[in-house]
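Asks: File follows, query-v8.cif with mmCIF, C-alpha atoms:
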data_run
#
loop_
_atom_site.label_atom_id
_atom_site.label_comp_id
_atom_site.auth_asym_id
_atom_site.auth_seq_id
_atom_site.Cartn_x
_atom_site.Cartn_y
_atom_site.Cartn_z
CA MET A 1 2.90 15.74 21.53
CA LYS A 2 5.56 14.19 19.42
CA MET A 3 6.87 16.54 16.78
CA ARG A 4 9.16 13.98 15.15
CA ASN A 5 7.53 14.21 11.70
CA VAL A 6 7.72 17.98 11.75
CA GLU A 7 11.33 17.91 12.90
CA GLU A 8 12.30 15.39 10.21
CA ASN A 9 10.71 17.51 7.47
CA ILE A 10 11.51 21.00 8.71
CA GLY A 11 13.44 21.76 5.51
CA ARG A 12 10.30 21.17 3.43
CA ILE A 13 7.97 23.43 5.37
CA VAL A 14 7.26 26.85 3.92
CA VAL A 15 5.36 29.40 5.96
CA THR A 16 3.64 32.27 4.26
CA ALA A 17 1.12 34.88 5.30
CA GLY A 18 -1.95 35.15 3.16
CA GLY A 19 -5.64 34.59 2.88
CA GLY A 20 -5.48 31.19 1.22
CA CYS A 21 -6.55 32.40 -2.24
CA ASN A 22 -5.11 31.30 -5.59
CA GLY A 23 -3.33 34.65 -5.84
CA ASP A 24 -1.42 33.81 -2.68
CA LEU A 25 -0.48 30.44 -4.15
CA LYS A 26 0.73 32.11 -7.36
CA ASP A 27 2.90 34.43 -5.24
CA LEU A 28 4.32 31.50 -3.29
CA LEU A 29 5.10 29.51 -6.43
CA GLY A 30 6.91 32.54 -7.81
CA GLU A 31 9.35 32.68 -4.88
CA SER A 32 12.79 31.18 -5.49
CA THR A 33 12.91 29.57 -2.02
CA ALA A 34 9.72 27.61 -2.67
CA MET A 35 10.86 26.68 -6.18
CA ASN A 36 14.18 25.36 -4.88
CA LEU A 37 12.29 23.07 -2.49
CA MET A 38 10.07 21.80 -5.32
CA LYS A 39 12.58 21.79 -8.19
CA ASP A 40 12.63 18.01 -8.63
CA SER A 41 8.95 17.42 -7.86
CA THR A 42 6.21 17.03 -10.45
CA VAL A 43 4.83 20.47 -9.60
CA GLY A 44 8.29 21.98 -10.00
CA LEU A 45 8.61 20.41 -13.47
CA GLN A 46 5.14 21.64 -14.41
CA ILE A 47 5.90 25.19 -13.26
CA ARG A 48 9.16 25.33 -15.23
CA ALA A 49 7.53 23.87 -18.36
CA LEU A 50 4.62 26.33 -18.22
CA ARG A 51 6.97 29.28 -17.75
CA LYS A 52 9.07 28.07 -20.67
CA VAL A 53 6.00 27.84 -22.91
CA TRP A 54 4.86 31.35 -21.93
CA ASP A 55 8.36 32.72 -22.61
CA MET A 56 8.54 30.99 -25.98
CA VAL A 57 5.06 32.09 -27.02
CA SER A 58 5.94 35.69 -26.26
CA SER A 59 9.44 35.67 -27.79
CA ASP A 60 10.09 32.61 -29.99
CA SER A 61 6.75 31.35 -31.22
CA ASP A 62 8.36 28.89 -33.65
CA ARG A 63 9.44 26.72 -30.67
CA ALA A 64 6.06 26.51 -28.92
CA CYS A 65 2.51 25.90 -30.05
CA TYR A 66 -0.94 25.45 -28.59
CA GLY A 67 -4.34 24.37 -29.80
CA LEU A 68 -5.30 20.79 -30.62
CA LYS A 69 -4.92 20.78 -34.41
CA ILE A 70 -1.54 22.50 -34.36
CA VAL A 71 -0.30 20.25 -31.54
CA GLU A 72 -1.41 17.16 -33.48
CA SER A 73 0.43 18.42 -36.57
CA ALA A 74 3.57 18.98 -34.52
CA GLN A 75 3.30 15.43 -33.17
CA GLU A 76 2.95 14.01 -36.68
CA MET A 77 6.26 15.70 -37.48
CA GLY A 78 7.90 14.31 -34.33
CA ALA A 79 8.56 17.81 -33.05
CA ILE A 80 7.12 17.66 -29.51
CA GLU A 81 9.65 17.70 -26.71
CA THR A 82 7.14 18.39 -23.91
CA LEU A 83 3.35 18.26 -24.00
CA LEU A 84 1.37 20.22 -21.42
CA ILE A 85 -2.25 19.14 -21.10
CA SER A 86 -5.08 19.76 -18.66
CA ASP A 87 -6.61 16.72 -17.00
CA GLU A 88 -10.01 18.07 -18.10
CA LEU A 89 -9.03 17.15 -21.65
CA TYR A 90 -7.00 14.04 -20.86
CA GLN A 91 -9.69 12.57 -18.58
CA SER A 92 -12.73 13.93 -20.38
CA ASP A 93 -16.15 12.40 -19.74
CA GLU A 94 -16.60 12.14 -23.51
CA VAL A 95 -15.10 8.85 -24.67
CA ALA A 96 -14.05 10.14 -28.12
CA THR A 97 -12.37 13.21 -26.61
CA ARG A 98 -10.60 11.17 -23.94
CA LYS A 99 -9.39 8.68 -26.55
CA ARG A 100 -8.10 11.42 -28.88
CA TYR A 101 -6.09 13.15 -26.16
CA GLY A 102 -4.97 9.83 -24.67
CA CYS A 103 -3.60 8.75 -28.04
CA LEU A 104 -1.80 12.09 -28.36
CA VAL A 105 -0.16 11.70 -24.94
CA LYS A 106 0.88 8.14 -25.78
CA ALA A 107 2.32 9.21 -29.14
CA VAL A 108 4.37 11.96 -27.49
CA LYS A 109 5.75 9.51 -24.92
CA ASP A 110 6.44 6.87 -27.59
CA SER A 111 8.47 9.39 -29.59
CA GLY A 112 10.65 10.19 -26.56
CA GLY A 113 8.84 13.31 -25.39
CA ASP A 114 7.45 14.18 -21.99
CA ALA A 115 3.76 14.64 -21.20
CA LEU A 116 2.77 16.72 -18.19
CA VAL A 117 -0.86 16.44 -17.08
CA TYR A 118 -2.01 19.49 -15.11
CA SER A 119 -4.68 19.03 -12.46
CA SER A 120 -7.69 21.27 -13.02
CA MET A 121 -7.74 21.76 -9.23
CA HIS A 122 -4.33 23.48 -9.36
CA VAL A 123 -3.63 27.14 -10.05
CA LEU A 124 -1.30 26.17 -12.92
CA ALA A 125 -4.25 24.75 -14.88
CA GLU A 126 -5.80 28.22 -14.94
CA GLN A 127 -2.75 29.50 -16.78
CA LEU A 128 -2.73 26.54 -19.16
CA GLN A 129 -6.41 27.16 -19.94
CA GLN A 130 -5.37 30.52 -21.40
CA LEU A 131 -3.49 28.44 -23.99
CA THR A 132 -6.51 26.24 -24.86
CA SER A 133 -5.56 23.73 -22.11
CA ILE A 134 -2.97 22.11 -24.38
CA ALA A 135 0.46 23.41 -25.38
CA THR A 136 3.87 22.11 -26.40
CA ILE A 137 7.53 22.89 -26.24
CA LEU A 138 9.01 21.84 -29.57
CA ARG A 139 12.32 20.09 -30.20
CA PHE A 140 12.99 22.33 -33.18
CA PRO A 141 11.33 25.41 -34.69
CA LEU A 142 8.31 24.80 -36.89
CA PRO A 143 7.40 28.10 -38.54
CA VAL A 144 5.05 26.17 -40.87
CA LEU A 145 2.48 25.72 -38.08
CA ASP A 146 -0.06 28.47 -38.27
CA ASP A 147 -3.60 28.85 -36.96
CA ASP A 148 -4.78 30.13 -40.34
CA ALA A 149 -3.88 26.83 -42.00
CA TYR A 150 -6.57 25.04 -39.98
#
Would you mind writing the file's structure down as structure tokens?

Replies:
Amino acid sequence: MKMRNVEENIGRIVVTAGGGCNGDLKDLLGESTAMNLMKDSTVGLQIRALRKVWDMVSSDSDRACYGLKIVESAQEMGAIETLLISDELYQSDEVATRKRYGCLVKAVKDSGGDALVYSSMHVLAEQLQQLTSIATILRFPLPVLDDDAY
């Protein structure tokens, strides 16, 4: 057997012991060695963005928000630096829902922000679902945004 492909990519191979459950994947994604290998990949960017949102929600809530109405308000103010959205929303079977979220993603990109679409098949989407499947990192604090206003 030729092992050329394995030999060429040996630096990208991570071996871990586990049962193949999502918990094992969460553990692996939490390791610095694995993160260093993925730091410039899409998954690496998604992991860092989701961690940043969680940190901001727990410590500096004026720089992060979640929930459709609040996110739309933040976009109207040009405040979204990074949008995190589940593909279940972005690629919804309902045309009106898909159009609404698609327009939001386009508006964020048009205003110079980033939009990260999280696959519902990935363990990260489970964490994003805890934040209504849509969240943002804001360019500047917006203490005006409040759930009670909607």

Asks: Find the residues around region 49-66 of chain A up to 7 Å (all atoms listed in the file counted), leave out those fewer than 4 positions away in its own chain, and share them as a ChimeraX atom specification.

Replies: /A:45,70-71,131-132,134-138,140-143

Asks: CA of Val105 (chain A) and CA of Gln129 (chain A) are how many Å apart?

Replies: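 Going from CA of Val105 (chain A) over to CA of Gln129 (chain A) covers 17.4 Å.
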
Asks: Mind giving me the straight-line distance from CA of Arg98 (chain A) to CA of His122 (chain A) in Å, one decimal?

Replies: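 It comes out at 20.1 Å.
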
Asks: Would you pick out the contacts of Gly112 (chain A) at 9 Å or less, using only C-alpha atoms, so that residues sharing its chain but fewer than 5 positions from it are not included, and give the list as a PyMOL selection string?

Replies: chain A and resi 80-81+107

Asks: Residues within 9 Å of Ser86 (chain A), please, as a VMD selection string. Count only C-alpha atoms; anything in the same chain fewer than 2 positions from it doesn't count.

Replies: chain A and resid 84 88 to 91 116 to 120 125 128 to 129 133 to 134

Asks: Just to confirm, what's the straight-line distance from CA of Gln46 (chain A) to CA of Leu124 (chain A) in Å (one decimal)?

Replies: 8.0 Å

Asks: Some atoms are absent from region 89-115 of chain A, so rebuild N, CA, C and O atoms and return them as a PDB file, in the coordinates of the input.

Replies:
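Done, and the output landed in out.pdb:
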ATOM      1  N   LEU A  89      -9.051  17.697 -20.299  1.00  0.00           N
ATOM      2  CA  LEU A  89      -9.030  17.150 -21.650  1.00  0.00           C
ATOM      3  C   LEU A  89      -8.629  15.676 -21.620  1.00  0.00           C
ATOM      4  O   LEU A  89      -9.273  14.832 -22.235  1.00  0.00           O
ATOM      5  N   TYR A  90      -7.571  15.382 -20.899  1.00  0.00           N
ATOM      6  CA  TYR A  90      -7.000  14.040 -20.860  1.00  0.00           C
ATOM      7  C   TYR A  90      -7.952  13.016 -20.233  1.00  0.00           C
ATOM      8  O   TYR A  90      -7.961  11.854 -20.614  1.00  0.00           O
ATOM      9  N   GLN A  91      -8.759  13.468 -19.274  1.00  0.00           N
ATOM     10  CA  GLN A  91      -9.690  12.570 -18.580  1.00  0.00           C
ATOM     11  C   GLN A  91     -11.136  13.003 -18.832  1.00  0.00           C
ATOM     12  O   GLN A  91     -11.977  12.916 -17.941  1.00  0.00           O
ATOM     13  N   SER A  92     -11.407  13.440 -20.022  1.00  0.00           N
ATOM     14  CA  SER A  92     -12.730  13.930 -20.380  1.00  0.00           C
ATOM     15  C   SER A  92     -13.806  12.861 -20.177  1.00  0.00           C
ATOM     16  O   SER A  92     -13.548  11.657 -20.315  1.00  0.00           O
ATOM     17  N   ASP A  93     -15.013  13.314 -19.871  1.00  0.00           N
ATOM     18  CA  ASP A  93     -16.150  12.400 -19.740  1.00  0.00           C
ATOM     19  C   ASP A  93     -16.579  11.836 -21.098  1.00  0.00           C
ATOM     20  O   ASP A  93     -17.168  10.760 -21.179  1.00  0.00           O
ATOM     21  N   GLU A  94     -16.282  12.579 -22.152  1.00  0.00           N
ATOM     22  CA  GLU A  94     -16.600  12.140 -23.510  1.00  0.00           C
ATOM     23  C   GLU A  94     -15.564  11.120 -23.967  1.00  0.00           C
ATOM     24  O   GLU A  94     -14.376  11.416 -24.018  1.00  0.00           O
ATOM     25  N   VAL A  95     -16.011   9.937 -24.313  1.00  0.00           N
ATOM     26  CA  VAL A  95     -15.100   8.850 -24.670  1.00  0.00           C
ATOM     27  C   VAL A  95     -14.222   9.226 -25.871  1.00  0.00           C
ATOM     28  O   VAL A  95     -13.001   9.007 -25.854  1.00  0.00           O
ATOM     29  N   ALA A  96     -14.815   9.786 -26.909  1.00  0.00           N
ATOM     30  CA  ALA A  96     -14.050  10.140 -28.120  1.00  0.00           C
ATOM     31  C   ALA A  96     -12.981  11.180 -27.805  1.00  0.00           C
ATOM     32  O   ALA A  96     -11.848  11.072 -28.294  1.00  0.00           O
ATOM     33  N   THR A  97     -13.335  12.166 -26.985  1.00  0.00           N
ATOM     34  CA  THR A  97     -12.370  13.210 -26.610  1.00  0.00           C
ATOM     35  C   THR A  97     -11.243  12.617 -25.787  1.00  0.00           C
ATOM     36  O   THR A  97     -10.062  12.881 -26.042  1.00  0.00           O
ATOM     37  N   ARG A  98     -11.604  11.805 -24.808  1.00  0.00           N
ATOM     38  CA  ARG A  98     -10.600  11.170 -23.940  1.00  0.00           C
ATOM     39  C   ARG A  98      -9.658  10.296 -24.761  1.00  0.00           C
ATOM     40  O   ARG A  98      -8.440  10.316 -24.573  1.00  0.00           O
ATOM     41  N   LYS A  99     -10.208   9.554 -25.707  1.00  0.00           N
ATOM     42  CA  LYS A  99      -9.390   8.680 -26.550  1.00  0.00           C
ATOM     43  C   LYS A  99      -8.435   9.487 -27.430  1.00  0.00           C
ATOM     44  O   LYS A  99      -7.264   9.135 -27.572  1.00  0.00           O
ATOM     45  N   ARG A 100      -8.933  10.580 -27.998  1.00  0.00           N
ATOM     46  CA  ARG A 100      -8.100  11.420 -28.880  1.00  0.00           C
ATOM     47  C   ARG A 100      -6.911  11.997 -28.122  1.00  0.00           C
ATOM     48  O   ARG A 100      -5.776  11.926 -28.581  1.00  0.00           O
ATOM     49  N   TYR A 101      -7.181  12.566 -26.939  1.00  0.00           N
ATOM     50  CA  TYR A 101      -6.090  13.150 -26.160  1.00  0.00           C
ATOM     51  C   TYR A 101      -5.190  12.085 -25.565  1.00  0.00           C
ATOM     52  O   TYR A 101      -3.981  12.273 -25.459  1.00  0.00           O
ATOM     53  N   GLY A 102      -5.773  10.939 -25.192  1.00  0.00           N
ATOM     54  CA  GLY A 102      -4.970   9.830 -24.670  1.00  0.00           C
ATOM     55  C   GLY A 102      -4.003   9.312 -25.711  1.00  0.00           C
ATOM     56  O   GLY A 102      -2.834   9.024 -25.404  1.00  0.00           O
ATOM     57  N   CYS A 103      -4.465   9.183 -26.940  1.00  0.00           N
ATOM     58  CA  CYS A 103      -3.600   8.750 -28.040  1.00  0.00           C
ATOM     59  C   CYS A 103      -2.485   9.769 -28.296  1.00  0.00           C
ATOM     60  O   CYS A 103      -1.342   9.386 -28.583  1.00  0.00           O
ATOM     61  N   LEU A 104      -2.810  11.034 -28.180  1.00  0.00           N
ATOM     62  CA  LEU A 104      -1.800  12.090 -28.360  1.00  0.00           C
ATOM     63  C   LEU A 104      -0.729  11.991 -27.287  1.00  0.00           C
ATOM     64  O   LEU A 104       0.470  12.040 -27.593  1.00  0.00           O
ATOM     65  N   VAL A 105      -1.131  11.827 -26.039  1.00  0.00           N
ATOM     66  CA  VAL A 105      -0.160  11.700 -24.940  1.00  0.00           C
ATOM     67  C   VAL A 105       0.723  10.477 -25.158  1.00  0.00           C
ATOM     68  O   VAL A 105       1.945  10.541 -25.004  1.00  0.00           O
ATOM     69  N   LYS A 106       0.110   9.364 -25.541  1.00  0.00           N
ATOM     70  CA  LYS A 106       0.880   8.140 -25.780  1.00  0.00           C
ATOM     71  C   LYS A 106       1.868   8.329 -26.934  1.00  0.00           C
ATOM     72  O   LYS A 106       3.027   7.905 -26.848  1.00  0.00           O
ATOM     73  N   ALA A 107       1.443   8.974 -27.995  1.00  0.00           N
ATOM     74  CA  ALA A 107       2.320   9.210 -29.140  1.00  0.00           C
ATOM     75  C   ALA A 107       3.512  10.073 -28.764  1.00  0.00           C
ATOM     76  O   ALA A 107       4.638   9.821 -29.209  1.00  0.00           O
ATOM     77  N   VAL A 108       3.272  11.089 -27.942  1.00  0.00           N
ATOM     78  CA  VAL A 108       4.370  11.960 -27.490  1.00  0.00           C
ATOM     79  C   VAL A 108       5.378  11.143 -26.682  1.00  0.00           C
ATOM     80  O   VAL A 108       6.586  11.229 -26.894  1.00  0.00           O
ATOM     81  N   LYS A 109       4.864  10.344 -25.747  1.00  0.00           N
ATOM     82  CA  LYS A 109       5.750   9.510 -24.920  1.00  0.00           C
ATOM     83  C   LYS A 109       6.502   8.488 -25.763  1.00  0.00           C
ATOM     84  O   LYS A 109       7.693   8.253 -25.557  1.00  0.00           O
ATOM     85  N   ASP A 110       5.814   7.870 -26.726  1.00  0.00           N
ATOM     86  CA  ASP A 110       6.440   6.870 -27.590  1.00  0.00           C
ATOM     87  C   ASP A 110       7.555   7.470 -28.442  1.00  0.00           C
ATOM     88  O   ASP A 110       8.493   6.774 -28.821  1.00  0.00           O
ATOM     89  N   SER A 111       7.446   8.740 -28.771  1.00  0.00           N
ATOM     90  CA  SER A 111       8.470   9.390 -29.590  1.00  0.00           C
ATOM     91  C   SER A 111       9.580  10.018 -28.732  1.00  0.00           C
ATOM     92  O   SER A 111      10.412  10.759 -29.246  1.00  0.00           O
ATOM     93  N   GLY A 112       9.579   9.713 -27.432  1.00  0.00           N
ATOM     94  CA  GLY A 112      10.650  10.190 -26.560  1.00  0.00           C
ATOM     95  C   GLY A 112      10.382  11.513 -25.883  1.00  0.00           C
ATOM     96  O   GLY A 112      11.261  12.064 -25.223  1.00  0.00           O
ATOM     97  N   GLY A 113       9.180  12.044 -26.030  1.00  0.00           N
ATOM     98  CA  GLY A 113       8.840  13.310 -25.390  1.00  0.00           C
ATOM     99  C   GLY A 113       8.260  13.109 -24.002  1.00  0.00           C
ATOM    100  O   GLY A 113       8.025  11.975 -23.571  1.00  0.00           O
ATOM    101  N   ASP A 114       8.060  14.195 -23.318  1.00  0.00           N
ATOM    102  CA  ASP A 114       7.450  14.180 -21.990  1.00  0.00           C
ATOM    103  C   ASP A 114       6.026  14.697 -22.102  1.00  0.00           C
ATOM    104  O   ASP A 114       5.749  15.587 -22.900  1.00  0.00           O
ATOM    105  N   ALA A 115       5.141  14.163 -21.269  1.00  0.00           N
ATOM    106  CA  ALA A 115       3.760  14.640 -21.200  1.00  0.00           C
ATOM    107  C   ALA A 115       3.463  14.998 -19.757  1.00  0.00           C
ATOM    108  O   ALA A 115       3.601  14.157 -18.871  1.00  0.00           O
TER     109      ALA A 115
END
